[in-house]
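Everything below belongs to coords_37.txt, which stores compact mmCIF, C-alpha atoms.
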```
# COMPACT_ATOMS: atom_id res chain seq x y z
CA MET A 317 0.00 0.00 0.00
CA GLU A 318 1.43 3.36 -1.00
CA HIS A 319 1.88 5.70 1.94
CA ILE A 320 -0.48 8.69 1.71
CA ALA A 321 0.89 12.05 2.82
CA VAL A 322 -0.93 13.49 5.82
CA PRO A 323 -2.73 16.77 4.93
CA ALA A 324 -1.56 19.95 6.63
CA TRP A 325 -4.94 20.52 8.33
CA VAL A 326 -4.65 17.13 10.02
CA MET A 327 -1.23 17.97 11.46
CA LEU A 328 -2.61 21.31 12.66
CA ALA A 329 -5.62 19.64 14.31
CA TYR A 330 -3.39 17.11 16.06
CA LEU A 331 -1.16 19.95 17.25
CA VAL A 332 -4.18 21.77 18.70
CA SER A 333 -5.31 18.59 20.48
CA GLY A 334 -1.81 18.17 21.91
CA VAL A 335 -1.88 21.73 23.25
CA CYS A 336 -5.28 20.98 24.85
CA PHE A 337 -3.79 17.94 26.59
CA ILE A 338 -0.91 20.04 27.93
CA PHE A 339 -3.37 22.59 29.34
CA ALA A 340 -5.39 19.69 30.79
CA LEU A 341 -2.38 18.39 32.70
CA ARG A 342 -1.66 21.90 33.93
CA GLY A 343 -5.26 22.34 35.09
CA LEU A 344 -5.35 19.01 36.90
CA SER A 345 -2.43 20.08 39.11
CA SER A 346 -4.78 22.08 41.37
CA PRO A 347 -8.29 21.40 42.73
CA SER A 348 -9.39 24.93 41.82
CA THR A 349 -8.53 24.49 38.12
CA SER A 350 -9.16 20.75 37.73
CA GLN A 351 -12.63 21.09 36.22
CA GLY A 352 -11.28 23.36 33.49
CA GLY A 353 -8.41 20.92 32.98
CA ASN A 354 -10.88 18.07 32.50
CA ARG A 355 -12.79 20.10 29.91
CA MET A 356 -9.59 20.87 28.01
CA GLY A 357 -8.72 17.18 28.00
CA MET A 358 -12.14 16.23 26.65
CA LEU A 359 -11.91 18.93 23.97
CA GLY A 360 -8.47 17.71 22.90
CA MET A 361 -9.67 14.12 22.70
CA ALA A 362 -12.74 15.12 20.69
CA ILE A 363 -10.53 16.98 18.19
CA ALA A 364 -8.12 14.05 17.92
CA VAL A 365 -10.85 11.42 17.43
CA GLY A 366 -12.81 13.57 14.97
CA THR A 367 -9.69 14.31 12.91
CA THR A 368 -8.75 10.63 12.81
CA LEU A 369 -12.23 9.70 11.56
CA LEU A 370 -12.12 12.38 8.85
CA LEU A 371 -8.63 11.25 7.83
CA ARG A 372 -10.07 7.82 6.99
CA ALA A 373 -11.81 9.34 3.94
CA PRO A 374 -9.60 10.33 0.97
CA VAL A 375 -9.18 13.98 -0.02
CA PRO A 376 -9.30 14.60 -3.79
CA GLU A 377 -6.26 16.22 -5.39
CA GLY A 378 -6.50 20.00 -5.07
CA GLY A 379 -9.37 19.71 -2.58
CA PHE A 380 -9.58 20.35 1.14
CA LEU A 381 -12.56 18.42 2.51
CA PRO A 382 -12.53 14.58 2.52
CA GLN A 383 -14.92 12.76 0.20
CA PRO A 384 -15.84 9.38 1.72
CA THR A 385 -16.68 6.40 -0.46
CA PRO A 386 -19.53 3.97 0.40
CA ASP A 387 -16.97 1.58 1.95
CA ASP A 388 -15.62 4.42 4.06
CA LEU A 389 -19.12 5.22 5.30
CA ILE A 390 -19.71 1.60 6.32
CA ILE A 391 -16.43 1.53 8.26
CA LEU A 392 -17.31 4.89 9.83
CA LEU A 393 -20.66 3.51 11.02
CA GLN A 394 -18.91 0.49 12.55
CA ILE A 395 -16.46 2.76 14.37
CA MET A 396 -19.24 5.03 15.62
CA ALA A 397 -21.18 2.00 16.89
CA ALA A 398 -18.10 0.85 18.83
CA ILE A 399 -17.59 4.37 20.23
CA GLY A 400 -21.26 4.55 21.23
CA LEU A 401 -21.07 1.19 23.02
CA GLY A 402 -17.94 2.25 24.87
CA ALA A 403 -19.53 5.58 25.80
CA VAL A 404 -22.57 3.84 27.31
CA ILE A 405 -20.37 1.47 29.33
CA GLY A 406 -18.18 4.34 30.52
CA LEU A 407 -21.16 6.52 31.47
CA VAL A 408 -22.87 3.77 33.45
CA THR A 409 -19.62 2.85 35.18
CA ALA A 410 -18.81 6.45 36.08
CA ARG A 411 -22.25 7.02 37.61
CA ARG A 412 -22.20 3.83 39.68
CA ILE A 413 -18.61 3.85 40.92
CA LYS A 414 -17.91 5.10 44.45
CA MET A 415 -15.13 7.62 44.99
CA THR A 416 -13.44 5.17 47.34
CA ASP A 417 -13.42 2.61 44.50
CA MET A 418 -11.82 4.99 42.02
CA PRO A 419 -8.30 3.47 42.30
CA GLN A 420 -9.34 0.03 41.08
CA LEU A 421 -11.38 1.64 38.29
CA VAL A 422 -8.29 3.55 37.12
CA ALA A 423 -6.26 0.33 37.23
CA ALA A 424 -8.91 -1.41 35.14
CA PHE A 425 -8.84 1.42 32.57
CA HIS A 426 -5.06 1.14 32.34
CA SER A 427 -5.41 -2.56 31.56
CA LEU A 428 -7.72 -1.72 28.63
CA VAL A 429 -5.18 0.75 27.21
CA GLY A 430 -2.46 -1.91 27.42
CA LEU A 431 -4.66 -4.55 25.79
CA ALA A 432 -5.56 -2.11 23.00
CA ALA A 433 -1.85 -1.56 22.29
CA VAL A 434 -1.30 -5.33 22.09
CA LEU A 435 -4.23 -5.78 19.69
CA VAL A 436 -3.10 -2.91 17.45
CA GLY A 437 0.42 -4.33 17.32
CA TRP A 438 -0.87 -7.76 16.34
CA ALA A 439 -3.19 -6.22 13.75
CA ALA A 440 -0.20 -4.42 12.22
CA TYR A 441 1.75 -7.68 12.15
CA LEU A 442 -1.07 -9.71 10.58
CA ASN A 443 -2.09 -7.05 8.03
CA PRO A 444 0.92 -4.78 7.44
CA GLU A 445 -0.34 -3.56 4.07
CA ALA A 446 -3.34 -1.86 5.70
CA PHE A 447 -0.97 0.02 8.02
CA GLY A 448 1.38 1.11 5.23
CA ILE A 449 4.39 -0.58 6.85
CA LEU A 450 5.08 -3.19 4.15
CA GLY A 451 8.47 -2.85 2.49
CA ALA A 452 9.35 -3.38 -1.16
CA ASN A 453 10.66 -6.88 -0.39
CA GLY A 454 7.27 -8.00 0.91
CA GLN A 455 8.47 -7.89 4.52
CA ILE A 456 7.47 -5.48 7.29
CA ASN A 457 9.88 -2.56 7.59
CA PRO A 458 12.47 -3.28 10.34
CA VAL A 459 11.74 0.01 12.11
CA SER A 460 8.00 -0.76 12.10
CA ARG A 461 8.74 -4.18 13.58
CA LEU A 462 10.66 -2.51 16.40
CA GLU A 463 7.79 -0.08 17.03
CA ALA A 464 5.21 -2.87 17.02
CA GLY A 465 7.35 -5.09 19.23
CA LEU A 466 7.87 -2.35 21.80
CA GLY A 467 4.18 -1.41 21.74
CA ILE A 468 3.11 -5.01 22.26
CA ALA A 469 5.64 -5.61 25.05
CA ILE A 470 4.81 -2.43 26.98
CA GLY A 471 1.08 -2.92 26.40
CA ALA A 472 1.15 -6.52 27.65
CA ILE A 473 3.09 -5.51 30.77
CA THR A 474 0.55 -2.74 31.38
CA PHE A 475 -2.39 -5.12 30.93
CA SER A 476 -1.30 -7.95 33.23
CA GLY A 477 0.19 -5.57 35.81
CA SER A 478 -3.00 -3.49 35.88
CA VAL A 479 -5.14 -6.60 36.34
CA ILE A 480 -3.12 -7.58 39.41
CA ALA A 481 -3.29 -3.99 40.73
CA PHE A 482 -7.07 -4.03 40.23
CA LEU A 483 -7.43 -7.33 42.11
CA LYS A 484 -5.29 -6.07 45.00
CA LEU A 485 -7.08 -2.72 45.27
CA ALA A 486 -10.52 -4.33 45.00
CA GLY A 487 -9.68 -6.81 47.77
CA LYS A 488 -10.12 -9.80 45.45
CA MET A 489 -6.60 -10.97 46.28
CA SER A 490 -4.29 -10.34 49.20
CA GLY A 491 -2.80 -6.85 49.32
CA ALA A 492 0.26 -8.23 51.10
CA PRO A 493 3.46 -8.71 49.05
CA ILE A 494 3.62 -12.17 47.45
CA MET A 495 7.28 -13.18 47.35
CA LEU A 496 8.36 -15.78 44.80
CA PRO A 497 11.71 -17.56 45.20
CA MET A 498 14.48 -16.05 43.05
CA ARG A 499 11.98 -13.48 41.77
CA HIS A 500 14.61 -10.86 40.92
CA VAL A 501 16.62 -13.33 38.84
CA ILE A 502 13.44 -14.46 37.05
CA ASN A 503 12.31 -10.87 36.41
CA LEU A 504 15.71 -9.77 35.13
CA GLY A 505 16.02 -12.82 32.88
CA THR A 506 12.53 -12.30 31.47
CA LEU A 507 13.18 -8.61 30.75
CA ILE A 508 16.47 -9.41 29.01
CA ALA A 509 14.70 -12.06 26.92
CA ILE A 510 11.98 -9.55 25.90
CA ILE A 511 14.57 -6.92 24.92
CA GLY A 512 16.65 -9.47 23.01
CA LEU A 513 13.67 -10.91 21.14
CA THR A 514 12.42 -7.41 20.26
CA GLY A 515 15.81 -6.69 18.68
CA TYR A 516 15.78 -10.08 16.92
CA PHE A 517 12.27 -9.34 15.62
CA MET A 518 13.83 -6.64 13.42
CA THR A 519 15.69 -9.35 11.50
CA ASP A 520 13.16 -12.17 11.68
CA GLN A 521 9.40 -11.52 11.61
CA SER A 522 8.45 -15.14 12.31
CA LEU A 523 5.24 -15.72 14.25
CA TRP A 524 7.01 -17.46 17.13
CA VAL A 525 9.09 -14.35 17.84
CA ILE A 526 6.19 -11.93 18.31
CA ALA A 527 4.14 -14.60 20.11
CA THR A 528 6.98 -15.22 22.58
CA ILE A 529 7.44 -11.47 23.16
CA THR A 530 3.72 -11.16 23.94
CA ALA A 531 3.67 -14.14 26.32
CA LEU A 532 6.80 -13.06 28.21
CA ALA A 533 5.49 -9.49 28.52
CA PHE A 534 2.20 -10.72 29.98
CA LEU A 535 4.20 -12.83 32.42
CA ILE A 536 6.59 -10.08 33.56
CA GLY A 537 3.70 -7.68 34.20
CA PHE A 538 2.25 -10.26 36.58
CA LEU A 539 5.60 -10.98 38.25
CA LEU A 540 6.46 -7.30 38.77
CA ILE A 541 3.25 -6.39 40.59
CA ILE A 542 2.50 -9.34 42.90
CA PRO A 543 5.53 -8.65 45.19
CA ILE A 544 4.38 -5.05 45.77
CA GLY A 545 2.35 -4.41 48.91
CA GLY A 546 -0.68 -2.21 49.35
CA ALA A 547 1.33 0.69 50.81
CA ASP A 548 3.17 1.10 47.50
CA MET A 549 0.08 0.57 45.33
CA PRO A 550 -0.43 4.32 44.58
CA VAL A 551 3.03 4.35 42.98
CA VAL A 552 2.12 1.23 41.01
CA VAL A 553 -1.05 2.88 39.68
CA SER A 554 0.99 5.90 38.60
CA MET A 555 3.68 3.76 36.95
CA LEU A 556 1.09 1.69 35.09
CA ASN A 557 -0.38 4.96 33.87
CA SER A 558 3.09 5.84 32.58
CA TYR A 559 3.45 2.45 30.88
CA SER A 560 0.10 2.86 29.14
CA GLY A 561 1.29 6.21 27.78
CA TRP A 562 4.51 4.76 26.36
CA ALA A 563 2.54 1.89 24.81
CA ALA A 564 0.22 4.38 23.12
CA ALA A 565 3.19 6.41 21.88
CA ALA A 566 4.80 3.31 20.37
CA MET A 567 1.57 2.42 18.61
CA GLY A 568 1.36 6.01 17.37
CA PHE A 569 4.55 5.48 15.40
CA THR A 570 3.14 2.27 13.92
CA LEU A 571 -0.11 4.01 12.94
CA HIS A 572 1.67 7.21 11.77
CA ASN A 573 -0.61 9.08 14.17
CA THR A 574 0.90 12.25 15.62
CA ALA A 575 -1.85 12.67 18.22
CA MET A 576 -1.13 9.26 19.75
CA ILE A 577 2.59 10.01 19.87
CA ILE A 578 2.07 13.38 21.60
CA THR A 579 -0.57 12.09 24.02
CA GLY A 580 1.37 8.94 24.85
CA ALA A 581 4.56 10.89 25.51
CA LEU A 582 2.68 13.33 27.78
CA VAL A 583 1.04 10.54 29.77
CA GLY A 584 4.22 8.47 29.93
CA SER A 585 6.51 11.27 31.09
CA SER A 586 4.03 12.83 33.55
CA GLY A 587 3.26 9.41 35.07
CA ALA A 588 6.94 8.64 35.53
CA ILE A 589 7.63 12.05 37.12
CA LEU A 590 4.65 11.66 39.46
CA SER A 591 5.81 8.18 40.48
CA TYR A 592 9.25 9.55 41.35
CA ILE A 593 7.70 12.37 43.42
CA MET A 594 5.51 9.86 45.28
CA CYS A 595 8.44 7.56 46.07
CA LYS A 596 10.43 10.51 47.36
CA ALA A 597 7.49 11.58 49.54
CA MET A 598 7.27 8.05 51.01
CA ASN A 599 11.03 7.71 51.58
CA ARG A 600 11.04 4.81 49.14
CA SER A 601 13.47 3.98 46.38
CA PHE A 602 11.93 4.58 42.95
CA ILE A 603 13.94 1.72 41.41
CA SER A 604 13.00 -0.60 44.29
CA VAL A 605 9.26 -0.10 43.78
CA ILE A 606 9.13 -0.41 39.98
CA ALA A 607 11.55 -3.37 40.01
CA GLY A 608 9.03 -5.48 41.85
CA GLY A 609 9.35 -5.10 45.58
CA PHE A 610 13.06 -4.70 46.23
CA GLY A 611 13.39 -4.08 49.93
CA ALA A 612 9.84 -5.22 50.64
CA GLU A 613 11.05 -7.63 53.30
CA ALA A 614 12.49 -4.79 55.36
CA GLY A 615 9.43 -2.61 54.90
CA ALA A 616 7.06 -5.40 55.83
CA GLN A 617 8.61 -5.95 59.25
CA GLY A 618 7.65 -2.47 60.47
CA GLU A 619 9.14 -0.40 63.22
CA ALA A 620 8.02 0.57 66.71
CA LYS A 621 5.87 3.70 66.60
CA GLU A 622 6.81 6.65 68.76
CA GLN A 623 4.17 7.76 71.28
CA ARG A 624 3.81 11.53 71.35
CA PRO A 625 1.79 13.76 73.71
CA TRP A 626 -1.62 14.95 72.52
CA LYS A 627 -4.54 17.00 73.78
CA ARG A 628 -8.25 16.31 73.53
CA GLY A 629 -10.53 19.09 72.28
CA SER A 630 -14.20 19.52 71.40
CA ALA A 631 -15.70 20.57 68.08
CA GLU A 632 -16.51 23.97 69.63
CA ASP A 633 -12.84 24.46 70.56
CA ALA A 634 -11.77 23.62 67.02
CA ALA A 635 -14.38 25.95 65.52
CA TYR A 636 -13.23 28.83 67.74
CA MET A 637 -9.57 28.32 66.84
CA LEU A 638 -10.34 28.10 63.13
CA GLY A 639 -12.55 31.18 63.18
CA GLU A 640 -9.92 33.27 64.97
CA ALA A 641 -7.02 32.19 62.78
CA GLU A 642 -5.59 34.34 60.00
CA LYS A 643 -4.61 31.37 57.86
CA VAL A 644 -5.81 27.73 57.94
CA ILE A 645 -4.03 24.91 56.14
CA ILE A 646 -6.12 21.76 55.67
CA ILE A 647 -4.31 18.44 55.17
CA PRO A 648 -6.88 15.91 53.89
CA GLY A 649 -6.32 12.17 54.09
CA TYR A 650 -8.03 9.00 52.95
CA GLY A 651 -10.46 9.25 55.86
CA MET A 652 -12.08 12.15 54.03
CA ALA A 653 -12.81 9.85 51.10
CA VAL A 654 -14.17 7.04 53.28
CA SER A 655 -16.48 9.37 55.21
CA GLN A 656 -17.44 11.39 52.11
CA ALA A 657 -16.53 14.52 54.10
CA GLN A 658 -15.34 16.57 51.12
CA HIS A 659 -18.69 18.40 50.83
CA ALA A 660 -18.73 19.35 54.52
CA LEU A 661 -15.09 20.41 54.20
CA ARG A 662 -15.99 22.67 51.29
CA GLU A 663 -18.81 24.25 53.32
CA MET A 664 -16.44 24.84 56.25
CA ALA A 665 -13.85 26.41 53.94
CA ASP A 666 -16.52 28.74 52.48
CA LEU A 667 -17.57 29.83 55.98
CA LEU A 668 -13.97 30.51 56.96
CA LYS A 669 -13.36 32.52 53.78
CA ALA A 670 -16.47 34.58 54.49
CA LYS A 671 -14.94 35.48 57.87
CA GLY A 672 -11.75 36.65 56.14
CA VAL A 673 -9.67 33.56 56.91
CA GLU A 674 -7.19 32.46 54.23
CA VAL A 675 -7.74 28.75 53.50
CA LYS A 676 -5.16 26.57 51.77
CA TYR A 677 -4.74 22.83 51.21
CA ALA A 678 -1.57 20.78 51.69
CA ILE A 679 -1.99 17.42 50.01
CA HIS A 680 0.63 14.69 50.38
CA PRO A 681 1.43 13.07 47.00
CA VAL A 682 0.35 9.67 48.35
CA ALA A 683 -2.76 10.78 50.25
CA GLY A 684 -5.42 8.24 49.33
CA ARG A 685 -5.14 5.01 47.38
CA MET A 686 -4.13 6.55 44.07
CA PRO A 687 -2.22 9.62 42.92
CA GLY A 688 -4.38 12.73 43.01
CA HIS A 689 -7.20 11.04 44.91
CA MET A 690 -7.63 13.96 47.34
CA ASN A 691 -7.37 16.47 44.50
CA VAL A 692 -10.20 14.69 42.67
CA LEU A 693 -12.42 14.76 45.76
CA LEU A 694 -11.73 18.41 46.52
CA ALA A 695 -12.40 19.38 42.91
```

What would you get if you wrote out this structure as structure tokens?
Amino acid sequence: MEHIAVPAWVMLAYLVSGVCFIFALRGLSSPSTSQGGNRMGMLGMAIAVGTTLLLRAPVPEGGFLPQPTPDDLIILLQIMAAIGLGAVIGLVTARRIKMTDMPQLVAAFHSLVGLAAVLVGWAAYLNPEAFGILGANGQINPVSRLEAGLGIAIGAITFSGSVIAFLKLAGKMSGAPIMLPMRHVINLGTLIAIIGLTGYFMTDQSLWVIATITALAFLIGFLLIIPIGGADMPVVVSMLNSYSGWAAAAMGFTLHNTAMIITGALVGSSGAILSYIMCKAMNRSFISVIAGGFGAEAGAQGEAKEQRPWKRGSAEDAAYMLGEAEKVIIIPGYGMAVSQAQHALREMADLLKAKGVEVKYAIHPVAGRMPGHMNVLLA
């Protein structure tokens, strides 16, 4: 299949969607701007999806608007039906899910992104002509094989790892670290095998190579997450988010889709940075957590807690102190999510502001069971 040049308007639209995603990330960094950030993210995604659908129809030479053929319209209807089905499932899920169950929902969504990357990679391998990656010699271009191999490997790790994270967060399996004998040797050997086979895939596109990469990647995702305990699960959720971004970026190269590359890179880099910040806030080694529970034995033993003096006070005492203060800093924790106290907290903050008190929030990066959990509630 001859590669069709991407029209200039498509590149411009993808650039605009990328800018919207950047503003979305910026908005989500604060509870006061998070709603606007969400809207910018939805706008960017709508532009990206709409542009991709329009790109499916050919543009006549010298023209600007696409002119779909009957076959294009049939494919468009199939795509819209799939989007509609997904929208209904997402809407019902979002309305029924509790805020305290949000972490496992996010983990489940990450698994779907990883699985999608695996399926796209396999589709490109089985039908390279439709993806425009077939070389003159009848073989898939070596660079495209590398892109597909990386996308499949990262996507499979994201899928199986996210499934385990979902099961742990949902209480369907033990949240305690599950230590396998010689796990570090097994993990390292499996990762080296995946990297080696991905490089070998550039020279040999045999079915057994890509099938082995997929199977090993599914396995390593499982092995990396089961040794991680519940205390480190917020970091795991953030890292899986990062993995899903890199998988999408790799598939963007295979599909020649600029929007996927930009979005995947944004998600991948921001997720990795957030994971590092969270590890630093917990006094944990970033490498130890993402490598599958290094040092978990020491952390699991625990240490004796220091008993410090404290004073008992009534609600009236607290109200008087808050009302007379010039500045109040609120530090919310997961108890706010469990008790659904964010609405009452908002009312209290409004009352304090009406009395001229300056109200601020100090949110620990790992407050809650997922990154940004308290920010989401306060928004």

Residues near Ala683 (chain A), anyone? I mean within 9 Å using all atoms listed in the file, not counting same-chain ones fewer than 3 positions away, as a PDB file with C-alpha atoms, keeping the file's coordinate frame.
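As a result, around10.pdb now contains:
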```
ATOM      1  CA  PRO A 550      -0.430   4.320  44.580  1.00  0.00           C
ATOM      2  CA  PRO A 648      -6.880  15.910  53.890  1.00  0.00           C
ATOM      3  CA  GLY A 649      -6.320  12.170  54.090  1.00  0.00           C
ATOM      4  CA  TYR A 650      -8.030   9.000  52.950  1.00  0.00           C
ATOM      5  CA  ILE A 679      -1.990  17.420  50.010  1.00  0.00           C
ATOM      6  CA  HIS A 680       0.630  14.690  50.380  1.00  0.00           C
ATOM      7  CA  MET A 686      -4.130   6.550  44.070  1.00  0.00           C
ATOM      8  CA  PRO A 687      -2.220   9.620  42.920  1.00  0.00           C
ATOM      9  CA  GLY A 688      -4.380  12.730  43.010  1.00  0.00           C
ATOM     10  CA  HIS A 689      -7.200  11.040  44.910  1.00  0.00           C
ATOM     11  CA  MET A 690      -7.630  13.960  47.340  1.00  0.00           C
TER      12      MET A 690
END
```

For Gly515 (chain A), please output as a PyMOL selection string all residues within 10 Å (counting all atoms listed in the file; exclusion window: fewer than 6 positions along the same chain). chain A and resi 458+461-462+465-466+509

Straight-line distance linking CA of Thr367 (chain A) with CA of Thr385 (chain A), stated in Å to one decimal: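 Interatomic distance here is 17.0 Å.
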
Selection near region 441-444 of chain A, 10 Å with all atoms listed in the file, sequence-local residues under 6 positions removed, as a tab-separated table (two decimals) with C-alpha atoms, in the frame of the given file:
```tsv
chain	number	residue	atom	x	y	z
A	317	MET	CA	0.00	0.00	0.00
A	435	LEU	CA	-4.23	-5.78	19.69
A	450	LEU	CA	5.08	-3.19	4.15
A	451	GLY	CA	8.47	-2.85	2.49
A	454	GLY	CA	7.27	-8.00	0.91
A	455	GLN	CA	8.47	-7.89	4.52
A	456	ILE	CA	7.47	-5.48	7.29
A	457	ASN	CA	9.88	-2.56	7.59
A	460	SER	CA	8.00	-0.76	12.10
A	461	ARG	CA	8.74	-4.18	13.58
A	464	ALA	CA	5.21	-2.87	17.02
A	465	GLY	CA	7.35	-5.09	19.23
A	521	GLN	CA	9.40	-11.52	11.61
A	523	LEU	CA	5.24	-15.72	14.25
A	526	ILE	CA	6.19	-11.93	18.31
A	570	THR	CA	3.14	2.27	13.92
```

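Residue nearest Thr579 (chain A), chosen from A:Val675, A:Ala563, A:Ala634, A:Met652 and counting only C-alpha atoms: A:Ala563.
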
Just to confirm, what's the straight-line distance from CA of Ile542 (chain A) to CA of Ser476 (chain A) in Å (one decimal)? 10.5 Å

For the point (-12.2, 19.2, 25.0) in file coordinates, what residues are within 12 Å, counting all atoms listed in the file? Give the answer as a PyMOL selection string? chain A and resi 332-340+351-366

Would you mind exporting the chosen residues as an mmCIF file, in the coordinates of the input, restricted to C-alpha atoms?
```cif
data_model
loop_
_atom_site.group_PDB
_atom_site.id
_atom_site.type_symbol
_atom_site.label_atom_id
_atom_site.label_comp_id
_atom_site.auth_asym_id
_atom_site.auth_seq_id
_atom_site.Cartn_x
_atom_site.Cartn_y
_atom_site.Cartn_z
ATOM 1 C CA VAL A 332 -4.180 21.770 18.700
ATOM 2 C CA SER A 333 -5.310 18.590 20.480
ATOM 3 C CA GLY A 334 -1.810 18.170 21.910
ATOM 4 C CA VAL A 335 -1.880 21.730 23.250
ATOM 5 C CA CYS A 336 -5.280 20.980 24.850
ATOM 6 C CA PHE A 337 -3.790 17.940 26.590
ATOM 7 C CA ILE A 338 -0.910 20.040 27.930
ATOM 8 C CA PHE A 339 -3.370 22.590 29.340
ATOM 9 C CA ALA A 340 -5.390 19.690 30.790
ATOM 10 C CA GLN A 351 -12.630 21.090 36.220
ATOM 11 C CA GLY A 352 -11.280 23.360 33.490
ATOM 12 C CA GLY A 353 -8.410 20.920 32.980
ATOM 13 C CA ASN A 354 -10.880 18.070 32.500
ATOM 14 C CA ARG A 355 -12.790 20.100 29.910
ATOM 15 C CA MET A 356 -9.590 20.870 28.010
ATOM 16 C CA GLY A 357 -8.720 17.180 28.000
ATOM 17 C CA MET A 358 -12.140 16.230 26.650
ATOM 18 C CA LEU A 359 -11.910 18.930 23.970
ATOM 19 C CA GLY A 360 -8.470 17.710 22.900
ATOM 20 C CA MET A 361 -9.670 14.120 22.700
ATOM 21 C CA ALA A 362 -12.740 15.120 20.690
ATOM 22 C CA ILE A 363 -10.530 16.980 18.190
ATOM 23 C CA ALA A 364 -8.120 14.050 17.920
ATOM 24 C CA VAL A 365 -10.850 11.420 17.430
ATOM 25 C CA GLY A 366 -12.810 13.570 14.970
#
```

So how far away is CA of Ser630 (chain A) from CA of Val644 (chain A), in Å? 17.9 Å

Pick the closest to Ala531 (chain A) from A:Ala657, A:Val501, A:Ile470, A:Leu590: which is it, counting only C-alpha atoms? A:Ile470

Identify, on the basis of only C-alpha atoms, every residue whose closest approach to Ala432 (chain A) does not exceed 10 Å; exclude the query and any residue fewer than 4 positions from it along the same chain; express the result as a PyMOL selection string. chain A and resi 426-428+436-438+467-468+471-472+475+560+563-564+567

Take the selection from the previous step and output its residues with C-alpha atoms, as a PDB file, keeping the file's coordinate frame.
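Below is the file result19.pdb, written as the result:
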```pdb
ATOM      1  CA  HIS A 426      -5.060   1.140  32.340  1.00  0.00           C
ATOM      2  CA  SER A 427      -5.410  -2.560  31.560  1.00  0.00           C
ATOM      3  CA  LEU A 428      -7.720  -1.720  28.630  1.00  0.00           C
ATOM      4  CA  VAL A 436      -3.100  -2.910  17.450  1.00  0.00           C
ATOM      5  CA  GLY A 437       0.420  -4.330  17.320  1.00  0.00           C
ATOM      6  CA  TRP A 438      -0.870  -7.760  16.340  1.00  0.00           C
ATOM      7  CA  GLY A 467       4.180  -1.410  21.740  1.00  0.00           C
ATOM      8  CA  ILE A 468       3.110  -5.010  22.260  1.00  0.00           C
ATOM      9  CA  GLY A 471       1.080  -2.920  26.400  1.00  0.00           C
ATOM     10  CA  ALA A 472       1.150  -6.520  27.650  1.00  0.00           C
ATOM     11  CA  PHE A 475      -2.390  -5.120  30.930  1.00  0.00           C
ATOM     12  CA  SER A 560       0.100   2.860  29.140  1.00  0.00           C
ATOM     13  CA  ALA A 563       2.540   1.890  24.810  1.00  0.00           C
ATOM     14  CA  ALA A 564       0.220   4.380  23.120  1.00  0.00           C
ATOM     15  CA  MET A 567       1.570   2.420  18.610  1.00  0.00           C
TER      16      MET A 567
END
```

At a cut-off of 7 Å, using all atoms listed in the file, what residues contact region 477-490 of chain A? Leave out same-chain residues fewer than 4 positions from it and give the result as a list in words.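 After dropping sequence-adjacent residues, the list is Pro419, Gln420, Ala423, Ala424, His426, Ser427, Ile473, Gly537, Phe538, Ile541, Ile542 and Leu556 of chain A.
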
May I ask which of the residues A:Ala397, A:Ala565, A:Val459, A:Ala678 is the closest one to Val429 (chain A), counting only C-alpha atoms?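 Checking each of A:Ala397, A:Ala565, A:Val459, A:Ala678 against Val429 (chain A), counting only C-alpha atoms, the winner is A:Ala565.
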
Between A:Leu667, A:Leu370, A:Leu539, A:Val654, which has the minimum distance to Trp325 (chain A) (counting only C-alpha atoms)?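 Of the candidates, the smallest distance to Trp325 (chain A) is held by A:Leu370.
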
Expected answer as a PyMOL selection string: all residues with atoms within 9 Å of (4.2, 9.2, 41.7), all atoms listed in the file: chain A and resi 550-555+586-597+681-682+687

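Nearest-residue note for Thr514 (chain A): choosing from A:Asp548, A:Ala469, A:Leu431, A:Asn599, the minimum distance belongs to A:Ala469, counting all atoms listed in the file.
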